[in-house]
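Q: Sending over input37.cif (mmCIF, C-alpha atoms).
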```
data_data
#
loop_
_atom_site.label_atom_id
_atom_site.label_comp_id
_atom_site.auth_asym_id
_atom_site.auth_seq_id
_atom_site.Cartn_x
_atom_site.Cartn_y
_atom_site.Cartn_z
CA MET A 1 0.00 0.00 0.00
CA LYS A 2 1.55 3.28 -1.16
CA LYS A 3 0.22 6.65 -0.01
CA ILE A 4 2.22 9.18 -2.00
CA VAL A 5 2.12 12.87 -1.14
CA LEU A 6 2.54 15.41 -3.96
CA ALA A 7 4.20 18.40 -2.33
CA GLY A 8 6.11 21.57 -3.02
CA PRO A 9 5.81 25.35 -3.02
CA PRO A 10 2.65 27.11 -4.23
CA ARG A 11 2.05 27.43 -7.97
CA SER A 12 4.54 24.71 -8.88
CA GLY A 13 1.98 22.76 -10.90
CA LYS A 14 1.14 20.04 -8.34
CA SER A 15 -2.50 19.73 -9.40
CA CYS A 16 -1.52 19.53 -13.08
CA LEU A 17 1.12 16.93 -12.19
CA ARG A 18 -1.49 15.00 -10.20
CA GLU A 19 -3.89 14.79 -13.13
CA GLY A 20 -1.17 13.88 -15.64
CA LEU A 21 0.29 11.28 -13.28
CA LYS A 22 -3.14 9.76 -12.71
CA GLN A 23 -3.68 9.44 -16.47
CA ALA A 24 -0.15 8.06 -17.03
CA LEU A 25 -0.68 5.42 -14.34
CA ARG A 26 -4.06 4.43 -15.79
CA ALA A 27 -2.40 3.90 -19.19
CA ILE A 28 0.00 1.28 -17.80
CA PRO A 29 -1.45 -2.23 -18.21
CA GLY A 30 -1.96 -3.94 -14.86
CA ALA A 31 -1.25 -0.82 -12.79
CA PRO A 32 -3.51 -0.26 -9.79
CA TYR A 33 -6.05 2.51 -10.09
CA PRO A 34 -4.52 5.72 -8.67
CA TYR A 35 -6.96 6.94 -6.03
CA VAL A 36 -6.62 10.70 -5.42
CA ILE A 37 -7.19 12.53 -2.14
CA THR A 38 -7.35 16.28 -2.61
CA ALA A 39 -5.99 17.53 0.70
CA CYS A 40 -6.13 21.28 0.21
CA PRO A 41 -9.27 23.39 0.47
CA ASP A 42 -8.27 25.50 -2.54
CA GLY A 43 -11.22 24.46 -4.67
CA GLU A 44 -9.18 22.27 -7.04
CA GLY A 45 -10.56 18.80 -6.52
CA SER A 46 -9.82 15.93 -8.89
CA TRP A 47 -12.68 17.18 -11.07
CA PHE A 48 -11.06 20.56 -11.69
CA GLN A 49 -8.59 19.76 -14.49
CA GLU A 50 -11.20 17.87 -16.48
CA THR A 51 -13.65 20.75 -16.09
CA VAL A 52 -11.00 23.26 -17.22
CA ASN A 53 -10.55 21.19 -20.39
CA ARG A 54 -14.27 21.32 -21.14
CA ASP A 55 -15.38 24.69 -19.78
CA PRO A 56 -12.74 27.02 -18.26
CA GLU A 57 -15.31 29.59 -17.11
CA LEU A 58 -17.36 26.98 -15.26
CA ALA A 59 -14.18 25.60 -13.65
CA ALA A 60 -13.20 29.06 -12.40
CA ALA A 61 -16.68 29.68 -11.00
CA CYS A 62 -16.76 26.31 -9.23
CA LYS A 63 -13.27 26.82 -7.80
CA ALA A 64 -14.29 30.20 -6.39
CA ALA A 65 -17.39 28.64 -4.82
CA TYR A 66 -15.47 25.72 -3.27
CA LYS A 67 -12.37 27.62 -2.15
CA ALA A 68 -12.07 27.67 1.63
CA SER A 69 -9.55 27.79 4.45
CA PHE A 70 -8.25 24.89 6.46
CA THR A 71 -10.64 24.13 9.30
CA PRO A 72 -10.12 21.57 12.06
CA GLU A 73 -12.99 19.55 10.58
CA PHE A 74 -11.44 19.55 7.08
CA VAL A 75 -8.01 18.52 8.42
CA ARG A 76 -9.52 15.78 10.58
CA ARG A 77 -11.63 14.42 7.71
CA VAL A 78 -8.79 14.37 5.18
CA ALA A 79 -6.27 12.93 7.66
CA GLU A 80 -8.74 10.16 8.44
CA SER A 81 -9.18 9.49 4.71
CA VAL A 82 -5.41 9.12 4.30
CA ARG A 83 -5.16 6.90 7.38
CA LYS A 84 -8.04 4.61 6.47
CA CYS A 85 -7.30 4.27 2.76
CA THR A 86 -6.26 0.68 2.00
CA LEU A 87 -6.05 0.89 -1.78
CA PRO A 88 -2.75 -0.12 -3.40
CA LEU A 89 -1.91 3.35 -4.76
CA THR A 90 -3.12 6.65 -3.35
CA LEU A 91 -1.99 10.14 -4.38
CA VAL A 92 -2.39 12.86 -1.74
CA ASP A 93 -2.32 16.38 -3.24
CA ILE A 94 -1.52 18.86 -0.44
CA GLY A 95 -1.23 22.62 -0.25
CA GLY A 96 1.98 24.51 -0.90
CA ILE A 97 3.06 25.24 2.68
CA PRO A 98 4.66 22.70 5.05
CA SER A 99 2.11 23.65 7.71
CA GLU A 100 0.90 21.86 10.81
CA GLU A 101 -2.34 21.08 8.96
CA ASN A 102 -0.38 19.34 6.21
CA ARG A 103 1.67 17.45 8.82
CA VAL A 104 -1.51 16.09 10.38
CA ILE A 105 -2.90 15.16 6.95
CA CYS A 106 0.32 13.40 5.85
CA LYS A 107 1.28 11.54 9.04
CA ASP A 108 -0.04 8.22 7.70
CA ALA A 109 1.38 8.59 4.18
CA THR A 110 4.37 6.53 3.04
CA HIS A 111 6.20 8.46 0.31
CA ILE A 112 6.53 11.97 -1.08
CA VAL A 113 7.17 13.53 -4.51
CA LEU A 114 8.67 17.03 -4.41
CA LEU A 115 7.88 19.46 -7.23
CA ALA A 116 9.15 23.04 -7.39
CA GLY A 117 9.74 25.77 -9.91
CA ASN A 118 11.83 28.92 -9.69
CA ASP A 119 10.00 31.53 -7.61
CA PRO A 120 8.68 34.12 -10.10
CA LYS A 121 8.51 36.85 -7.44
CA THR A 122 11.92 36.48 -5.76
CA GLY A 123 13.88 34.57 -8.39
CA THR A 124 14.78 31.92 -5.81
CA PRO A 125 15.99 28.81 -7.69
CA TRP A 126 13.80 25.72 -7.38
CA LYS A 127 16.43 23.69 -5.52
CA ASP A 128 16.58 26.35 -2.81
CA ARG A 129 12.84 25.95 -2.32
CA LEU A 130 13.09 22.24 -1.43
CA PRO A 131 15.00 22.09 1.91
CA GLU A 132 11.91 22.90 4.00
CA TRP A 133 10.01 20.17 2.13
CA ARG A 134 12.81 17.66 2.71
CA GLU A 135 12.59 18.51 6.42
CA PHE A 136 8.83 18.12 6.26
CA ALA A 137 9.29 14.64 4.75
CA LYS A 138 12.00 13.67 7.23
CA GLY A 139 9.92 14.77 10.21
CA LEU A 140 7.07 12.52 9.06
CA GLY A 141 9.25 9.58 8.00
CA LEU A 142 8.15 9.93 4.36
CA ALA A 143 10.54 8.49 1.78
CA VAL A 144 11.36 11.07 -0.90
CA VAL A 145 10.91 9.23 -4.22
CA ALA A 146 11.22 12.11 -6.70
CA GLU A 147 12.51 15.67 -6.92
CA ILE A 148 11.23 17.40 -10.03
CA PHE A 149 11.92 20.86 -11.43
CA SER A 150 8.73 22.43 -12.76
CA ASP A 151 10.11 24.35 -15.75
CA TYR A 152 7.12 26.47 -16.75
CA HIS A 153 8.90 28.15 -19.67
CA GLY A 154 10.71 24.99 -20.81
CA LYS A 155 10.14 23.29 -24.15
CA GLU A 156 10.90 19.69 -23.14
CA ASP A 157 11.30 17.39 -20.17
CA ALA A 158 14.59 16.04 -18.86
CA VAL A 159 14.61 12.65 -17.14
CA LEU A 160 17.86 12.36 -15.19
CA GLY A 161 17.02 8.95 -13.76
CA VAL A 162 17.00 7.34 -10.33
CA GLY A 163 20.03 8.03 -8.16
CA SER A 164 21.71 5.67 -5.73
CA ASP A 165 19.46 7.20 -3.06
CA GLY A 166 16.37 5.88 -4.88
CA VAL A 167 15.20 9.37 -5.85
CA LEU A 168 14.04 10.03 -9.42
CA ARG A 169 15.20 13.43 -10.63
CA GLY A 170 14.45 15.53 -13.67
CA SER A 171 12.29 18.32 -15.00
CA VAL A 172 8.84 18.62 -16.47
CA HIS A 173 7.93 21.52 -18.74
CA TYR A 174 4.93 23.81 -18.94
CA LEU A 175 2.53 22.42 -16.35
CA GLU A 176 -0.49 24.50 -17.28
CA ARG A 177 -4.17 23.82 -16.65
CA GLY A 178 -5.85 22.48 -19.75
CA GLU A 179 -2.61 21.13 -21.23
CA PRO A 180 -2.40 17.36 -21.75
CA VAL A 181 0.66 16.29 -19.75
CA ALA A 182 0.24 12.52 -19.23
CA GLU A 183 2.56 11.70 -22.15
CA ARG A 184 5.38 13.94 -20.94
CA PRO A 185 8.56 11.85 -20.47
CA MET A 186 9.07 12.94 -16.85
CA ILE A 187 5.51 12.14 -15.86
CA ARG A 188 5.68 8.73 -17.54
CA ALA A 189 9.01 8.07 -15.80
CA LEU A 190 7.47 9.05 -12.46
CA ALA A 191 4.52 6.72 -13.03
CA GLU A 192 6.87 3.80 -13.78
CA HIS A 193 9.05 4.67 -10.78
CA LEU A 194 6.09 4.71 -8.41
CA LEU A 195 4.97 1.29 -9.63
CA GLN A 196 8.46 -0.11 -9.00
CA LEU A 197 8.56 0.99 -5.34
#
```
As structure tokens, please, write out the structure in this file.
A:
Amino acid sequence: MKKIVLAGPPRSGKSCLREGLKQALRAIPGAPYPYVITACPDGEGSWFQETVNRDPELAAACKAAYKASFTPEFVRRVAESVRKCTLPLTLVDIGGIPSEENRVICKDATHIVLLAGNDPKTGTPWKDRLPEWREFAKGLGLAVVAEIFSDYHGKEDAVLGVGSDGVLRGSVHYLERGEPVAERPMIRALAEHLLQL
């Protein structure tokens, strides 16, 4: 049973990665169905990407209606969902801050994928945005299985491979809502890597 957290700074493309990864996993013969737990009250449930593809205005309106703040009830409900889930492969899409709420939600997860882009406001390189997430993972005992650069302005992916530490590294380009990303080389490599854990 793998409960894999998708984490990283805000606006890195985690929800786009989640949808592409789900589709890439579903395309692999014999792979378990990737169950998704949306663990952030930002209004972007699993339905969001598909709705954007069909009707962007409706998606925006629904997101605005569903957007909320973390509440104790929300955190408790989502943490319980993560804890009780017994499916073979679960993806847990959390918010972009290594907060106490996210710690509670992720305490029963098993692995973590880190995704970050360069900070558009400060210019901070993506690798400098990962240490707090590595600490987050370490504090919860989550095995880091991938570190991916979200290269929004890139033209192609780069799959660097799995290091001796068992971490898949590389970059994925242009994670944008409405873009089909399941066939991107980095996302396909991540799907295969997760199945080999």
Q: For region 96-99 of chain A, list every protein, DNA or RNA residue within 6 Å, evaluated using all atoms listed in the file, and leave out those in the same chain fewer than 6 positions away; present the list as a count of residues only.
A: 3
Q: Tell me, as JSON, numbers by chain, which residues lie within 7 Å of region 132-143 of chain A, counting only C-alpha atoms; anything in the same chain fewer than 5 positions away does not count.
A: {"A": [8, 98, 107, 109, 110, 111, 112]}
Q: Skip Pro34 (chain A) itself and residues of its chain fewer than 2 positions away, then list as a ChimeraX atom specification all residues within 7 Å of it, counting only C-alpha atoms.
A: /A:22,25,32,36,89-91
Q: Mind checking which residues fall within 8 Å of Ala7 (chain A), counting only C-alpha atoms, ignoring those fewer than 4 positions away in the same chain, and posting them as a list of chain:residue names?
A: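 With the cut-off at 8 Å, the set is A:Lys14, A:Asp93, A:Ile94, A:Gly95, A:Gly96, A:Ile112, A:Val113, A:Leu114, A:Leu115, A:Trp133.
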Q: Go ahead and save the picked residues with C-alpha atoms, as a compact mmCIF listing (two decimals), keeping the file's coordinate frame.
A:
```txt
# COMPACT_ATOMS: atom_id res chain seq x y z
CA LYS A 14 1.14 20.04 -8.34
CA ASP A 93 -2.32 16.38 -3.24
CA ILE A 94 -1.52 18.86 -0.44
CA GLY A 95 -1.23 22.62 -0.25
CA GLY A 96 1.98 24.51 -0.90
CA ILE A 112 6.53 11.97 -1.08
CA VAL A 113 7.17 13.53 -4.51
CA LEU A 114 8.67 17.03 -4.41
CA LEU A 115 7.88 19.46 -7.23
CA TRP A 133 10.01 20.17 2.13
```
Q: Hey, what comes out of the PyMOL selection byres ((chain A and resi 197) around 9) on this file? Could you write it as a VMD selection string?
A: chain A and resid 2 145 193 to 196
Q: Write out as a PyMOL selection string which residues come within 12 Å of Thr71 (chain A) when counting all atoms listed in the file, dropping same-chain ones fewer than 3 positions away.
A: chain A and resi 39-41+68+74-78+100-102
Q: Output C-alpha atoms of each residue in that selection to a file, as a PDB file, keeping the file's coordinate frame.
A:
```pdb
ATOM      1  CA  ALA A  39      -5.990  17.530   0.700  1.00  0.00           C
ATOM      2  CA  CYS A  40      -6.130  21.280   0.210  1.00  0.00           C
ATOM      3  CA  PRO A  41      -9.270  23.390   0.470  1.00  0.00           C
ATOM      4  CA  ALA A  68     -12.070  27.670   1.630  1.00  0.00           C
ATOM      5  CA  PHE A  74     -11.440  19.550   7.080  1.00  0.00           C
ATOM      6  CA  VAL A  75      -8.010  18.520   8.420  1.00  0.00           C
ATOM      7  CA  ARG A  76      -9.520  15.780  10.580  1.00  0.00           C
ATOM      8  CA  ARG A  77     -11.630  14.420   7.710  1.00  0.00           C
ATOM      9  CA  VAL A  78      -8.790  14.370   5.180  1.00  0.00           C
ATOM     10  CA  GLU A 100       0.900  21.860  10.810  1.00  0.00           C
ATOM     11  CA  GLU A 101      -2.340  21.080   8.960  1.00  0.00           C
ATOM     12  CA  ASN A 102      -0.380  19.340   6.210  1.00  0.00           C
TER      13      ASN A 102
END
```
Q: Name the residues within 12 Å of (2.3, 15.5, -21.3), counting only C-alpha atoms in the file's coordinates, and put them as a ChimeraX atom specification.
A: /A:16-24,155-157,172-189
Q: As an exercise, work out the distance from CA of Ile37 (chain A) to CA of Arg103 (chain A) in Å and give it to one decimal place.
A: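 Rounded to one decimal, the two atoms are 14.9 Å apart.
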Q: Translate the PyMOL selection byres ((chain A and resi 118) around 10), as applied to the file shown, into an explicit residue set as a PDB file with C-alpha atoms, in the frame of the given file.
A:
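And here's selection_5.pdb as it stands now:
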```pdb
ATOM      1  CA  PRO A   9       5.810  25.350  -3.020  1.00  0.00           C
ATOM      2  CA  SER A  12       4.540  24.710  -8.880  1.00  0.00           C
ATOM      3  CA  ALA A 116       9.150  23.040  -7.390  1.00  0.00           C
ATOM      4  CA  GLY A 117       9.740  25.770  -9.910  1.00  0.00           C
ATOM      5  CA  ASP A 119      10.000  31.530  -7.610  1.00  0.00           C
ATOM      6  CA  PRO A 120       8.680  34.120 -10.100  1.00  0.00           C
ATOM      7  CA  LYS A 121       8.510  36.850  -7.440  1.00  0.00           C
ATOM      8  CA  THR A 122      11.920  36.480  -5.760  1.00  0.00           C
ATOM      9  CA  GLY A 123      13.880  34.570  -8.390  1.00  0.00           C
ATOM     10  CA  THR A 124      14.780  31.920  -5.810  1.00  0.00           C
ATOM     11  CA  PRO A 125      15.990  28.810  -7.690  1.00  0.00           C
ATOM     12  CA  TRP A 126      13.800  25.720  -7.380  1.00  0.00           C
ATOM     13  CA  LYS A 127      16.430  23.690  -5.520  1.00  0.00           C
ATOM     14  CA  ASP A 128      16.580  26.350  -2.810  1.00  0.00           C
ATOM     15  CA  ARG A 129      12.840  25.950  -2.320  1.00  0.00           C
ATOM     16  CA  PHE A 149      11.920  20.860 -11.430  1.00  0.00           C
ATOM     17  CA  SER A 150       8.730  22.430 -12.760  1.00  0.00           C
ATOM     18  CA  ASP A 151      10.110  24.350 -15.750  1.00  0.00           C
ATOM     19  CA  TYR A 152       7.120  26.470 -16.750  1.00  0.00           C
TER      20      TYR A 152
END
```
Q: Could you check the closest approach to Gly161 (chain A) for each of A:Val144, A:Ala79, A:Ile105, A:Leu190 and tell me which residue wins, using all atoms listed in the file?
A: A:Leu190
Q: What gap, in Å, lies between CA of Pro131 (chain A) and CA of Gly13 (chain A)?
A: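 These two atoms are separated by 18.3 Å.
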Q: If I take CA of Leu6 (chain A) and CA of Thr38 (chain A), how far is one from the other in Å, to one decimal?
A: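 Computing it gives 10.0 Å between the two atoms.
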Q: Kindly resolve the PyMOL selection byres ((chain A and resi 168) around 8) on the present coordinates and return the residues as an MDAnalysis selection string.
A: chainID A and resid 145:148 160:163 166:167 169:170 190 193
Q: Can you patch up region 114-130 of chain A, filling it in to N, CA and C atoms, and show the result as an mmCIF file, keeping the file's coordinate frame?
A:
```
data_model
loop_
_atom_site.group_PDB
_atom_site.id
_atom_site.type_symbol
_atom_site.label_atom_id
_atom_site.label_comp_id
_atom_site.auth_asym_id
_atom_site.auth_seq_id
_atom_site.Cartn_x
_atom_site.Cartn_y
_atom_site.Cartn_z
ATOM 1 N N LEU A 114 8.464 15.594 -4.560
ATOM 2 C CA LEU A 114 8.670 17.030 -4.410
ATOM 3 C C LEU A 114 8.737 17.687 -5.790
ATOM 4 N N LEU A 115 7.944 18.722 -5.972
ATOM 5 C CA LEU A 115 7.880 19.460 -7.230
ATOM 6 C C LEU A 115 8.042 20.942 -6.911
ATOM 7 N N ALA A 116 8.953 21.604 -7.612
ATOM 8 C CA ALA A 116 9.150 23.040 -7.390
ATOM 9 C C ALA A 116 9.638 23.703 -8.662
ATOM 10 N N GLY A 117 9.236 24.946 -8.833
ATOM 11 C CA GLY A 117 9.740 25.770 -9.910
ATOM 12 C C GLY A 117 10.515 26.931 -9.323
ATOM 13 N N ASN A 118 11.182 27.698 -10.163
ATOM 14 C CA ASN A 118 11.830 28.920 -9.690
ATOM 15 C C ASN A 118 10.749 29.885 -9.233
ATOM 16 N N ASP A 119 10.986 30.588 -8.131
ATOM 17 C CA ASP A 119 10.000 31.530 -7.610
ATOM 18 C C ASP A 119 9.932 32.753 -8.527
ATOM 19 N N PRO A 120 8.781 32.995 -9.154
ATOM 20 C CA PRO A 120 8.680 34.120 -10.100
ATOM 21 C C PRO A 120 8.786 35.481 -9.416
ATOM 22 N N LYS A 121 8.467 35.559 -8.141
ATOM 23 C CA LYS A 121 8.510 36.850 -7.440
ATOM 24 C C LYS A 121 9.917 37.182 -6.959
ATOM 25 N N THR A 122 10.611 36.205 -6.380
ATOM 26 C CA THR A 122 11.920 36.480 -5.760
ATOM 27 C C THR A 122 13.084 36.008 -6.616
ATOM 28 N N GLY A 123 12.803 35.122 -7.582
ATOM 29 C CA GLY A 123 13.880 34.570 -8.390
ATOM 30 C C GLY A 123 14.616 33.427 -7.701
ATOM 31 N N THR A 124 14.134 33.010 -6.537
ATOM 32 C CA THR A 124 14.780 31.920 -5.810
ATOM 33 C C THR A 124 14.762 30.657 -6.670
ATOM 34 N N PRO A 125 15.950 30.033 -6.883
ATOM 35 C CA PRO A 125 15.990 28.810 -7.690
ATOM 36 C C PRO A 125 15.196 27.678 -7.029
ATOM 37 N N TRP A 126 14.674 26.797 -7.855
ATOM 38 C CA TRP A 126 13.800 25.720 -7.380
ATOM 39 C C TRP A 126 14.477 24.854 -6.333
ATOM 40 N N LYS A 127 15.766 24.558 -6.495
ATOM 41 C CA LYS A 127 16.430 23.690 -5.520
ATOM 42 C C LYS A 127 16.505 24.323 -4.150
ATOM 43 N N ASP A 128 16.550 25.651 -4.097
ATOM 44 C CA ASP A 128 16.580 26.350 -2.810
ATOM 45 C C ASP A 128 15.218 26.392 -2.148
ATOM 46 N N ARG A 129 14.194 25.975 -2.870
ATOM 47 C CA ARG A 129 12.840 25.950 -2.320
ATOM 48 C C ARG A 129 12.476 24.568 -1.754
ATOM 49 N N LEU A 130 13.390 23.596 -1.877
ATOM 50 C CA LEU A 130 13.090 22.240 -1.430
ATOM 51 C C LEU A 130 13.532 21.878 -0.017
#
```
